[in-house]
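Colleague: For reference, this is target_15.txt, and it has compact mmCIF, C-alpha atoms and all ligand atoms.
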```
# COMPACT_ATOMS: atom_id res chain seq x y z
CA MET A 1 -39.42 4.73 9.50
CA GLN A 2 -35.79 4.59 8.36
CA PRO A 3 -34.47 2.14 5.76
CA THR A 4 -33.26 -1.24 6.97
CA VAL A 5 -29.78 -2.69 6.41
CA HIS A 6 -31.20 -4.78 3.59
CA GLU A 7 -32.77 -1.72 1.93
CA ALA A 8 -29.65 0.39 2.39
CA LEU A 9 -27.50 -2.29 0.74
CA ALA A 10 -29.91 -2.58 -2.19
CA PHE A 11 -29.97 1.21 -2.59
CA GLY A 12 -26.16 1.42 -2.51
CA ARG A 13 -25.68 -1.43 -4.97
CA ALA A 14 -28.05 0.23 -7.45
CA GLU A 15 -26.37 3.63 -7.05
CA LEU A 16 -22.90 2.14 -7.55
CA SER A 17 -23.78 -0.30 -10.31
CA ASP A 18 -21.17 1.35 -12.58
CA SER A 19 -18.37 0.81 -10.08
CA LEU A 20 -16.03 -2.20 -10.43
CA SER A 21 -17.05 -3.75 -7.11
CA PRO A 22 -20.44 -2.38 -5.98
CA ASP A 23 -21.18 -5.20 -3.50
CA VAL A 24 -17.91 -4.90 -1.64
CA ASP A 25 -17.90 -1.08 -1.74
CA VAL A 26 -21.41 -0.82 -0.31
CA GLN A 27 -20.73 -3.34 2.45
CA ILE A 28 -17.56 -1.55 3.53
CA LEU A 29 -19.32 1.83 3.54
CA LEU A 30 -22.31 0.56 5.52
CA CYS A 31 -20.07 -1.24 8.04
CA HIS A 32 -18.16 2.02 8.43
CA VAL A 33 -21.36 4.00 9.08
CA LEU A 34 -22.78 1.41 11.51
CA ASP A 35 -19.37 0.66 13.04
CA CYS A 36 -19.94 -3.07 12.62
CA THR A 37 -18.52 -6.15 10.90
CA PRO A 38 -19.89 -7.50 7.57
CA THR A 39 -21.31 -10.48 9.48
CA ARG A 40 -23.62 -8.14 11.41
CA LEU A 41 -25.08 -6.90 8.13
CA HIS A 42 -25.96 -10.46 7.20
CA VAL A 43 -27.44 -11.53 10.52
CA SER A 44 -29.48 -8.34 11.02
CA PRO A 45 -30.88 -7.39 7.59
CA GLU A 46 -34.01 -5.89 9.18
CA HIS A 47 -32.09 -3.61 11.54
CA GLU A 48 -33.18 -0.01 10.94
CA LEU A 49 -30.62 2.73 10.39
CA GLU A 50 -30.83 5.88 12.48
CA ALA A 51 -31.63 9.06 10.52
CA GLN A 52 -28.06 10.35 10.87
CA GLN A 53 -26.60 7.04 9.75
CA TRP A 54 -28.80 6.96 6.68
CA GLN A 55 -27.79 10.53 5.82
CA LEU A 56 -24.09 9.78 6.22
CA PHE A 57 -24.43 6.57 4.18
CA ASN A 58 -26.10 8.54 1.37
CA GLN A 59 -23.27 11.08 1.38
CA LEU A 60 -20.60 8.37 1.20
CA VAL A 61 -22.38 6.51 -1.60
CA GLU A 62 -22.62 9.76 -3.54
CA ARG A 63 -18.91 10.50 -3.06
CA ARG A 64 -18.04 6.95 -4.13
CA LYS A 65 -20.21 7.48 -7.20
CA GLN A 66 -18.01 10.48 -8.02
CA GLY A 67 -15.00 8.14 -7.92
CA GLU A 68 -13.48 8.76 -4.49
CA PRO A 69 -11.63 5.66 -3.26
CA VAL A 70 -13.43 3.64 -0.59
CA ALA A 71 -10.31 3.85 1.61
CA HIS A 72 -10.50 7.66 1.55
CA LEU A 73 -14.16 7.55 2.52
CA THR A 74 -13.60 5.24 5.48
CA GLY A 75 -10.12 6.58 6.30
CA SER A 76 -8.52 3.16 6.53
CA ARG A 77 -7.52 0.02 4.62
CA GLY A 78 -6.56 -3.46 5.77
CA PHE A 79 -3.04 -4.58 4.81
CA TRP A 80 -1.35 -7.82 5.96
CA SER A 81 -2.42 -8.09 9.63
CA LEU A 82 -2.97 -4.36 10.19
CA ASP A 83 -5.76 -1.85 9.71
CA LEU A 84 -3.95 1.27 8.43
CA LEU A 85 -5.07 4.88 8.44
CA VAL A 86 -5.11 6.27 4.92
CA ASP A 87 -5.34 9.82 3.57
CA ASN A 88 -4.63 11.63 0.34
CA SER A 89 -0.96 12.22 1.18
CA THR A 90 0.01 8.67 0.20
CA LEU A 91 -0.75 5.65 -1.92
CA ILE A 92 -3.57 3.42 -0.66
CA PRO A 93 -1.97 0.08 0.30
CA ARG A 94 -2.66 -2.62 -2.33
CA PRO A 95 -3.03 -6.35 -1.68
CA ASP A 96 -0.30 -6.93 -4.33
CA THR A 97 2.23 -5.25 -2.05
CA GLU A 98 1.70 -8.00 0.55
CA LEU A 99 3.94 -10.04 -1.79
CA LEU A 100 6.86 -7.84 -0.70
CA VAL A 101 6.10 -8.52 2.94
CA SER A 102 6.13 -12.29 2.47
CA LEU A 103 9.31 -12.19 0.35
CA ALA A 104 11.05 -9.96 2.89
CA LEU A 105 10.01 -12.28 5.74
CA SER A 106 11.58 -15.21 3.88
CA LYS A 107 15.00 -13.46 4.09
CA ILE A 108 14.79 -11.80 7.50
CA LYS A 109 16.79 -13.25 10.39
CA PRO A 110 17.08 -12.05 14.01
CA ASN A 111 18.89 -8.74 14.57
CA MET A 112 18.80 -7.67 10.94
CA THR A 113 18.45 -3.99 10.03
CA VAL A 114 15.74 -3.45 7.45
CA VAL A 115 14.75 -0.26 5.60
CA ASP A 116 11.46 0.38 3.77
CA LEU A 117 11.91 3.19 1.22
CA GLY A 118 8.94 5.42 0.39
CA THR A 119 6.94 3.87 3.20
CA GLY A 120 3.71 5.88 2.61
CA THR A 121 1.20 4.66 5.19
CA GLY A 122 3.99 2.55 6.70
CA ALA A 123 2.40 -0.60 5.27
CA ILE A 124 5.52 -2.68 4.59
CA ALA A 125 7.66 -1.47 7.51
CA LEU A 126 4.88 -1.89 10.07
CA SER A 127 3.86 -5.33 8.78
CA LEU A 128 7.46 -6.54 9.08
CA ALA A 129 7.80 -5.05 12.57
CA ALA A 130 4.51 -6.68 13.60
CA GLU A 131 5.83 -10.09 12.48
CA LYS A 132 9.37 -9.81 13.84
CA ALA A 133 10.08 -8.21 17.19
CA ASP A 134 13.83 -8.92 16.92
CA ILE A 135 14.73 -6.72 13.93
CA ASP A 136 15.53 -3.05 13.50
CA VAL A 137 13.10 -1.38 11.10
CA ILE A 138 13.66 2.03 9.53
CA ALA A 139 11.16 3.62 7.16
CA THR A 140 11.81 6.62 4.92
CA ASP A 141 9.64 8.90 2.84
CA PHE A 142 10.39 12.22 1.21
CA SER A 143 6.82 13.33 2.01
CA PHE A 144 6.59 14.65 5.56
CA ALA A 145 2.79 14.30 5.51
CA ALA A 146 3.17 10.60 4.65
CA LEU A 147 5.61 10.10 7.52
CA GLN A 148 3.20 11.72 9.96
CA LEU A 149 0.52 9.30 8.83
CA ALA A 150 2.91 6.34 9.06
CA GLN A 151 3.87 7.39 12.59
CA LYS A 152 0.17 7.49 13.54
CA ASN A 153 -0.19 3.98 12.18
CA ALA A 154 2.83 2.86 14.21
CA ASN A 155 1.33 4.34 17.38
CA ARG A 156 -2.04 2.80 16.62
CA HIS A 157 -0.51 -0.68 16.49
CA ALA A 158 2.04 -0.12 19.29
CA LEU A 159 4.91 -0.55 16.83
CA GLU A 160 6.90 2.42 18.14
CA GLN A 161 10.19 0.60 17.51
CA VAL A 162 9.96 1.53 13.81
CA ARG A 163 12.02 4.68 13.13
CA PHE A 164 10.76 7.12 10.50
CA ILE A 165 13.14 9.34 8.56
CA ASN A 166 12.28 12.16 6.15
CA MET A 167 14.58 11.32 3.25
CA SER A 168 14.63 10.59 -0.47
CA TRP A 169 15.51 6.92 -1.05
CA LEU A 170 18.88 6.09 0.54
CA VAL A 171 20.75 9.35 -0.09
CA GLY A 172 21.61 10.08 3.55
CA PHE A 173 22.71 6.62 4.65
CA LYS A 174 26.28 5.36 5.00
CA SER A 175 27.54 2.41 2.99
CA ALA A 176 26.88 -1.08 4.31
CA SER A 177 24.06 0.01 6.65
CA PHE A 178 21.35 -2.55 5.89
CA ASP A 179 20.69 -6.27 5.63
CA LEU A 180 17.54 -5.76 3.58
CA VAL A 181 16.19 -2.87 1.52
CA VAL A 182 12.55 -3.11 0.47
CA SER A 183 10.51 -0.62 -1.53
CA ASN A 184 7.25 -0.10 -3.35
CA PRO A 185 8.34 3.01 -5.26
CA PRO A 186 6.44 4.93 -7.95
CA TYR A 187 6.75 3.01 -11.22
CA ILE A 188 3.98 4.14 -13.58
CA GLU A 189 4.94 5.72 -16.92
CA MET A 190 4.27 9.46 -17.12
CA ARG A 191 1.79 9.07 -19.98
CA ASP A 192 0.03 5.89 -18.80
CA PRO A 193 -3.72 6.30 -19.51
CA HIS A 194 -4.56 4.37 -16.31
CA LEU A 195 -3.65 7.51 -14.39
CA ASN A 196 -7.01 8.95 -15.47
CA GLN A 197 -9.03 6.00 -14.16
CA GLY A 198 -10.18 4.72 -10.78
CA ASP A 199 -8.57 5.27 -7.38
CA VAL A 200 -5.21 6.53 -8.71
CA ARG A 201 -6.87 9.83 -9.68
CA PHE A 202 -7.12 10.56 -5.96
CA GLU A 203 -3.59 9.52 -5.01
CA PRO A 204 -0.49 11.76 -5.15
CA LEU A 205 1.23 11.55 -8.55
CA SER A 206 4.56 11.62 -6.75
CA ALA A 207 3.70 8.19 -5.28
CA LEU A 208 2.72 6.76 -8.67
CA VAL A 209 4.66 8.22 -11.58
CA SER A 210 8.36 7.80 -12.28
CA GLY A 211 9.45 9.48 -15.49
CA PRO A 212 8.78 8.53 -19.11
CA ASP A 213 9.43 4.78 -18.67
CA GLY A 214 8.31 4.46 -15.05
CA LEU A 215 11.78 3.30 -13.99
CA GLU A 216 13.48 6.51 -12.88
CA ASP A 217 13.11 5.85 -9.15
CA ILE A 218 13.88 2.13 -9.33
CA ARG A 219 17.13 3.03 -11.18
CA GLN A 220 18.18 5.28 -8.30
CA ILE A 221 17.13 2.79 -5.64
CA VAL A 222 19.08 -0.09 -7.20
CA VAL A 223 22.29 1.94 -7.49
CA GLN A 224 21.97 3.40 -3.99
CA ALA A 225 21.09 0.01 -2.47
CA ALA A 226 24.22 -1.52 -3.98
CA LYS A 227 26.16 0.95 -1.83
CA CYS A 228 24.05 0.87 1.34
CA LEU A 229 23.54 -2.88 1.67
CA LYS A 230 25.89 -5.00 3.75
CA LYS A 231 27.58 -8.00 2.14
CA ASP A 232 24.97 -10.71 1.46
CA GLY A 233 22.15 -8.17 1.95
CA TRP A 234 18.97 -8.30 -0.11
CA LEU A 235 17.16 -5.74 -2.25
CA LEU A 236 13.49 -6.24 -2.99
CA VAL A 237 11.39 -3.89 -5.14
CA GLU A 238 7.85 -3.82 -6.50
CA HIS A 239 7.45 -2.84 -10.17
CA GLY A 240 4.93 -2.61 -13.00
CA TYR A 241 3.69 -5.79 -14.68
CA GLN A 242 5.77 -5.20 -17.83
CA GLN A 243 8.96 -4.09 -16.09
CA SER A 244 10.36 -7.38 -14.72
CA ALA A 245 13.06 -7.88 -17.40
CA ALA A 246 14.17 -4.24 -17.23
CA VAL A 247 14.33 -4.30 -13.44
CA GLN A 248 16.28 -7.58 -13.41
CA GLN A 249 18.76 -5.97 -15.83
CA LEU A 250 19.18 -2.99 -13.49
CA PHE A 251 19.93 -5.42 -10.63
CA THR A 252 22.49 -7.25 -12.79
CA ASP A 253 24.16 -4.00 -13.89
CA ALA A 254 24.52 -2.91 -10.26
CA GLY A 255 26.23 -6.19 -9.31
CA PHE A 256 23.36 -8.10 -7.68
CA GLU A 257 23.23 -11.89 -7.79
CA HIS A 258 20.66 -14.60 -7.07
CA ILE A 259 18.10 -12.42 -8.85
CA SER A 260 14.55 -13.74 -8.87
CA ALA A 261 11.22 -12.52 -10.28
CA HIS A 262 7.92 -12.90 -8.41
CA GLN A 263 4.26 -12.66 -9.34
CA ASP A 264 1.36 -11.00 -7.53
CA PHE A 265 -1.97 -12.67 -6.65
CA GLY A 266 -3.24 -11.94 -10.15
CA GLY A 267 -0.28 -13.83 -11.69
CA GLN A 268 1.41 -10.65 -12.99
CA ASP A 269 5.14 -10.01 -12.59
CA ARG A 270 5.31 -7.65 -9.63
CA ALA A 271 8.60 -7.90 -7.71
CA VAL A 272 12.31 -8.53 -8.21
CA MET A 273 14.70 -9.60 -5.46
CA GLY A 274 18.48 -9.87 -5.55
CA GLN A 275 21.46 -10.31 -3.24
CA LEU A 276 24.68 -8.33 -3.00
CA THR A 277 27.32 -10.99 -2.45
CA LEU A 278 30.46 -8.85 -2.85
N1 LIG A 301 0.33 -0.76 -8.36
C1 LIG A 301 -0.15 0.58 -8.39
C2 LIG A 301 -1.12 0.78 -9.53
O1 LIG A 301 -0.85 0.35 -10.62
C3 LIG A 301 0.96 1.57 -8.50
C4 LIG A 301 1.75 1.60 -7.27
C5 LIG A 301 3.08 2.22 -7.43
O2 LIG A 301 3.34 3.01 -8.34
N2 LIG A 301 3.93 1.86 -6.57
O3 LIG A 301 -2.16 1.35 -9.32
```
Just give me the structure of the file as structure tokens.

Modeller:
Amino acid sequence: MQPTVHEALAFGRAELSDSLSPDVDVQILLCHVLDCTPTRLHVSPEHELEAQQWQLFNQLVERRKQGEPVAHLTGSRGFWSLDLLVDNSTLIPRPDTELLVSLALSKIKPNMTVVDLGTGTGAIALSLAAEKADIDVIATDFSFAALQLAQKNANRHALEQVRFINMSWLVGFKSASFDLVVSNPPYIEMRDPHLNQGDVRFEPLSALVSGPDGLEDIRQIVVQAAKCLKKDGWLLVEHGYQQSAAVQQLFTDAGFEHISAHQDFGGQDRAVMGQLTL
């Protein structure tokens, strides 16, 4: 006899008791193995796993125990309204970044041209395109592997209207090209001890770290956006929880107005938005 759903969950929870979220992790892994929804786990606790399923579940629990992110084990992560393919070429989409999607949507009007810089999985660009059929969405990344993944995500959700470009920030674009520039760039300080903990250990450093103060990329983005935005266009960036004042200052120095700071779901400063009115 093979273990039941109930027994598999209990086993997984015990194995992962040191993890931050054993209950959620185990449920996601078991749903992945059984190809089912969490509800099915609850309504069929006595359902027996097949031998192969039990073996695969054991392997995934063991890899999770070694610290591998759940999204790498299942190969996907939910973001906004989309289930996105994830691999180790990019950042795993975070719920905090959904803040950028809702802020961007509050500024987007029909026929606007929007660019998502450092798109990674395509999370922001694809979410915006899924919400608004009447805008032009461009997404850039300097990592070709990330762009390939983002393109797969676009195909998966029939969002082929999003154009992907292999480029670093806005360097190749002409002035006054965009109505809205949005980015979740790297912003962690080079020596931040969090880099040795949790999921970030399995993500590319190039997607996380930005020089000694974490602001090197945001500095470039703000200056380049001031050139590439159209008059009255908006710039919107995600940043670290202690960087709001510094980022607002960068916006001011580059000539942005109507600058506002925004908090993530945990109440931490997480995004700054500003308009180029000249
Ligand atoms: N918010 C992420 C973290 O702290 C970092 C993401 C980023 O650098 N853009 O884990």

Colleague: Which residue gives the smallest distance to Glu238 of chain A among A:Pro185, A:Gly67, A:Gly198, A:Gly274, with all atoms listed in the file counted?

Modeller: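 The shortest atom-to-atom distance to Glu238 of chain A comes from A:Pro185.
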
Colleague: Could you check which of A:Met167, A:Leu49, A:Ala225, A:Ala129 is closest to Asp35 of chain A, using only C-alpha atoms?

Modeller: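 Between A:Met167, A:Leu49, A:Ala225, A:Ala129, the residue approaching Asp35 of chain A most closely is A:Leu49.
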
Colleague: May I ask you to write as a list of chain:residue names all residues lying at most 6 Å from ligand LIG 301 (chain A), with only C-alpha atoms and all ligand atoms counted?

Modeller: A:Asn184, A:Pro185, A:Pro186, A:Tyr187, A:Ile188, A:Leu208

Colleague: Do you know which residues are at most 10 Å from Gly120 of chain A counting only C-alpha atoms, after dropping those on the same chain fewer than 4 positions away, and could you put them as a list in words?

Modeller: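 Residues meeting the cut-off are Val86, Asp87, Ser89, Thr90, Leu91, Ile92, Pro93, Asp116, Ile124, Ala125, Ala139, Thr140, Asp141, Phe142, Ser143, Phe144, Ala145, Ala146, Leu147, Gln148, Leu149, Ala150, Asn184, Pro185 and Ala207 of chain A.
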
Colleague: Between A:Gly267, A:Gly122, A:Gly172, A:Pro95, single out the one closest to Trp80 of chain A, counting all atoms listed in the file.

Modeller: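 Using all atoms listed in the file, Trp80 of chain A sits closest to A:Pro95.
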
Colleague: Have a look at atom CA of Ala261 of chain A and atom CA of Leu99 of chain A and let me know their distance in Å, one decimal.

Modeller: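 Value for the atom CA of Ala261 of chain A-atom CA of Leu99 of chain A distance: 11.5 Å.
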
Colleague: Kindly reconstruct segment 16-31 of chain A with N, CA and C atoms and present the result as a short mmCIF file (atom, residue, chain, number, x, y, z; two decimals), in the frame of the given file.

Modeller:
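In the end it all went to out-v4.cif:
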```
data_model
loop_
_atom_site.label_atom_id
_atom_site.label_comp_id
_atom_site.auth_asym_id
_atom_site.auth_seq_id
_atom_site.Cartn_x
_atom_site.Cartn_y
_atom_site.Cartn_z
N LEU A 16 -24.30 2.35 -7.16
CA LEU A 16 -22.90 2.14 -7.55
C LEU A 16 -22.76 1.07 -8.62
N SER A 17 -23.83 0.82 -9.36
CA SER A 17 -23.78 -0.30 -10.31
C SER A 17 -22.70 -0.11 -11.38
N ASP A 18 -22.23 1.13 -11.60
CA ASP A 18 -21.17 1.35 -12.58
C ASP A 18 -19.77 1.12 -12.01
N SER A 19 -19.69 0.99 -10.69
CA SER A 19 -18.37 0.81 -10.08
C SER A 19 -17.89 -0.62 -10.33
N LEU A 20 -16.59 -0.87 -10.15
CA LEU A 20 -16.03 -2.20 -10.43
C LEU A 20 -16.48 -3.23 -9.41
N SER A 21 -16.72 -2.80 -8.18
CA SER A 21 -17.05 -3.75 -7.11
C SER A 21 -18.14 -3.19 -6.22
N PRO A 22 -19.38 -3.01 -6.77
CA PRO A 22 -20.44 -2.38 -5.98
C PRO A 22 -20.76 -3.11 -4.68
N ASP A 23 -20.81 -4.45 -4.70
CA ASP A 23 -21.18 -5.20 -3.50
C ASP A 23 -20.21 -4.93 -2.36
N VAL A 24 -18.92 -5.07 -2.68
CA VAL A 24 -17.91 -4.90 -1.64
C VAL A 24 -17.90 -3.44 -1.16
N ASP A 25 -17.94 -2.51 -2.11
CA ASP A 25 -17.90 -1.08 -1.74
C ASP A 25 -19.02 -0.73 -0.77
N VAL A 26 -20.23 -1.17 -1.12
CA VAL A 26 -21.41 -0.82 -0.31
C VAL A 26 -21.32 -1.44 1.08
N GLN A 27 -20.87 -2.68 1.13
CA GLN A 27 -20.73 -3.34 2.45
C GLN A 27 -19.74 -2.60 3.32
N ILE A 28 -18.59 -2.24 2.73
CA ILE A 28 -17.56 -1.55 3.53
C ILE A 28 -18.10 -0.21 4.03
N LEU A 29 -18.80 0.51 3.14
CA LEU A 29 -19.32 1.83 3.54
C LEU A 29 -20.37 1.70 4.64
N LEU A 30 -21.25 0.71 4.51
CA LEU A 30 -22.31 0.56 5.52
C LEU A 30 -21.72 0.10 6.86
N CYS A 31 -20.75 -0.81 6.80
CA CYS A 31 -20.07 -1.24 8.04
C CYS A 31 -19.40 -0.05 8.70
#
```
